[in-house]
Amino acid sequence: MAERAAESAPETGARPGLQGSLGTAGIVFLVVAAASPLVAIGGALPVMMAIGNGAGAPVSYLVVTVVLLLFSVGYAGMSRHVEGAGAFFAYVTAGLGRTTGAGAVGLALLSYTAIQAAVYGLAGAALGGAVAAYGGPDLPWWLWSGVLLAVVAVLGFRSVDVGTRVLSVLIVCEVGVLAVLVGAVLLRGGAEGPSAEPFTAGAFLSGSPGIGLMFAVACFIGFEATAIYSEEAREPGRAVPRATYAAVLLIGGFYTLVSWAVVVGVGAGRAQAAALDDIEGLVFSVAHLYAGPGVAATMEILLLTSLFTALLAFHNTIARYLYAIGHTGGALSPLAGTHARHGSPHVASLVQSAAAALLIGAFALVRADPVLQVFTWMSGMATLGVLALMVLVSVAVVVFFARTGVDRRWWHARIAPVLGAVGLVCVAALVLSNFTTLIDGSVGLAALFVVLLAAAFAAGAVPAALRRE
């Protein structure tokens with residue numbers, strides 16, 4: 001049975017593998033970095049409250065957490081049998097064959113490239129605004145994005161352990177300042193006193209719950225990267241499953257708690273109105289009111305570091321997908337090269353850095369707005385792409401275990417993956433129904449992004465199918 005699983009997975013050849021000593025905590029830090037706590041709370045949450053379901057935003061996080069926990073059961077279980085830096089690529093290949101797996105590669109690369117481009121746009125604008133506010137030069141956003149790209153490229157070229165140490169410090173600071181915000185709001189009672197109203201069905205179903213779920217999903221993008229670091233983990237068979245569950249629970253639980261505190265801070269009865277009045281500064285205003293100007297200023301600075309940690313995490317993810325593609329052989333085999341001293345996928349990292357530079361340059365040439373267009377549009381496309389990938393993985397998990405019989409537990413190998421797939425399909429349907437909200441109501445542009453995702457899948461699957469003939 002194990003031999004059949006190995007045959008379905010990407011070829012690894014005799015190349016030296018990636019090197020690293022990541023444990024469960026290190027992998028969790030990398031994943032939480034991609035989730036970007038301050039970006040999610042300071043950027044996505046106010047939008048969820050303003051045009052989504054207002055005070056019901058905390059339940060949106062809870063619903064997505066439950067769905068992703070169901071997905072994680074099969075995902076984590078499969079990590080014990082299919083190793084490699086390809087994650088979605090490797091899993092879909094093992095379960096559904098090389099053609100579908102190659103399609104998943106194209107879809108994954110486009111989705112992660114889109115979310116990284118989104119963050120580069122927001123980060124460039126935020127960094128430029130902060131520098132100008134403190135008396136520095138007022139330069140175009142893409143120049144600041146280029147500065148961030150250079151730093152990310154250097155860290156990404158080196159061992160993943162180096163990046164993990166940087167991320168760990170920054171993530172602890174982010175979580176710490178948000179915890180201070182929660183404590184301050186609860187200690188002072190909020191606008192109307194602590195309330196359970198945000199957790200009621202009425203609050204969740206008010207307004208547009210589909211939009212709330214859509215942004216909640218976007219806040220989780222990157223959690224699935226736990227399996228990508230299996231080659232750089234000390235004990236991948238134990239570290240990857242533990243990190244997957246820990247990441248989902250920590251991200252979901254923390255976002256639920258902080259979003260509830262923000263709702264309590266402005267008052268559940270006027271949560272939506274407060275967000276509409278101050279959609280960009282809502283969370284910072286709440287911090288200023290309850291925790292003081294020092295905490296609010298610290299949050300604004302840490303928002304920049306949160307954006308940086310997200311960029312580094314997504315860089316690592318994309319580089320490891322390229323590394324996995326290199327192991328399939330052919331003209332792309334140089335991508336599987338590893339650095340003799342750092343043990344990093346340095347070739348894939350350099351290619352990824354060059355691609356990001358070209359993308360930033362393209363957006364700069366067409367004078368795209370870094371927030372309203374680059375960040376918003378690319379986030380929407382990435383969310384839909386990652387949802388489609390997770391549905392494919394859920395199906396692959398069921399097929400893989402049914403065919404190989406390496407895990408005969410009904411809950412782990414069948415029930416949980418099927419329930420997770422159903423939940424993901426329902427969320428994806430809601431995302432599609434609200435997709436135009438992200439892109440200025442343009443049906444044509446929404447259709448174009450869906451076509452691009454389908455084309456990315458086809459770009460990987462069609463050549464793979466032709467090679468098999």
# chains A, B, ... in the order shown; residues from 1 in each chain; ligands from 1
>>> residues_around(residues="Pro463 (chain A)", least_positions_apart="2", cutoff="12 Å", atoms="only C-alpha atoms", output="ChimeraX atom specification")
/A:98-103,106,456-461,465-469
>>> select_by_dssp(residues="region 168-346 of chain A", states="helix (DSSP H, G or I)", output="ChimeraX atom specification")
/A:168-188,197-199,201-205,209-220,223-232,236-266,268-277,282-291,293-326,330-336,346
>>> closest_residue(among="A:Ser306, A:Ser145, A:Ser60, A:Thr113", to="Gly212 (chain A)", atoms="only C-alpha atoms")
A:Ser60
>>> residues_around(residues="region 354-366 of chain A", least_positions_apart="6", cutoff="9 Å", atoms="only C-alpha atoms", output="short mmCIF file (atom, residue, chain, number, x, y, z; two decimals) with C-alpha atoms, in the first residue's frame")
data_model
loop_
_atom_site.label_atom_id
_atom_site.label_comp_id
_atom_site.auth_asym_id
_atom_site.auth_seq_id
_atom_site.Cartn_x
_atom_site.Cartn_y
_atom_site.Cartn_z
CA THR A 113 1.03 34.83 -6.09
CA GLN A 116 1.35 38.00 -2.07
CA ALA A 117 0.76 40.74 -4.67
CA TYR A 120 2.80 43.98 -1.40
CA GLY A 121 0.27 46.59 -2.52
CA PRO A 140 5.35 56.00 -4.80
CA TRP A 141 4.03 52.86 -3.11
CA TRP A 142 5.86 50.54 -5.49
CA SER A 145 7.19 47.54 -1.97
CA GLY A 146 10.53 47.09 -3.73
CA LEU A 149 10.87 42.73 -1.59
CA VAL A 374 -4.08 45.58 -5.97
#
>>> residues_around(residues="Val59 (chain A)", least_positions_apart="2", cutoff="8 Å", atoms="only C-alpha atoms", output="VMD selection string")
chain A and resid 56 to 57 61 to 63 198 to 199 204 256
>>> write_last_selection(atoms="N, CA and C atoms", output="CSV table (one decimal), in the first residue's frame")
chain,number,residue,atom,x,y,z
A,56,GLY,N,-22.2,40.3,14.1
A,56,GLY,CA,-22.1,38.9,13.9
A,56,GLY,C,-20.7,38.4,13.4
A,57,ALA,N,-19.7,39.3,13.2
A,57,ALA,CA,-18.4,39.0,12.7
A,57,ALA,C,-17.7,37.8,13.5
A,61,TYR,N,-15.9,34.0,12.1
A,61,TYR,CA,-14.7,33.3,12.4
A,61,TYR,C,-14.9,31.9,12.9
A,62,LEU,N,-15.9,31.8,13.8
A,62,LEU,CA,-16.2,30.5,14.4
A,62,LEU,C,-16.6,29.4,13.3
A,63,VAL,N,-17.5,29.8,12.4
A,63,VAL,CA,-17.9,28.9,11.4
A,63,VAL,C,-16.8,28.5,10.5
A,198,PRO,N,-23.2,39.2,20.0
A,198,PRO,CA,-22.5,38.9,18.8
A,198,PRO,C,-22.5,37.4,18.4
A,199,PHE,N,-22.8,36.5,19.4
A,199,PHE,CA,-22.7,35.1,19.2
A,199,PHE,C,-24.1,34.5,18.9
A,204,PHE,N,-25.5,36.9,13.5
A,204,PHE,CA,-24.7,36.3,12.4
A,204,PHE,C,-25.5,36.4,11.1
A,256,THR,N,-11.7,35.2,16.9
A,256,THR,CA,-13.0,35.3,17.4
A,256,THR,C,-13.0,36.2,18.7
>>> atom_distance(atom1="CA of Ala50 (chain A)", atom2="CA of Asp277 (chain A)")
8.6 Å
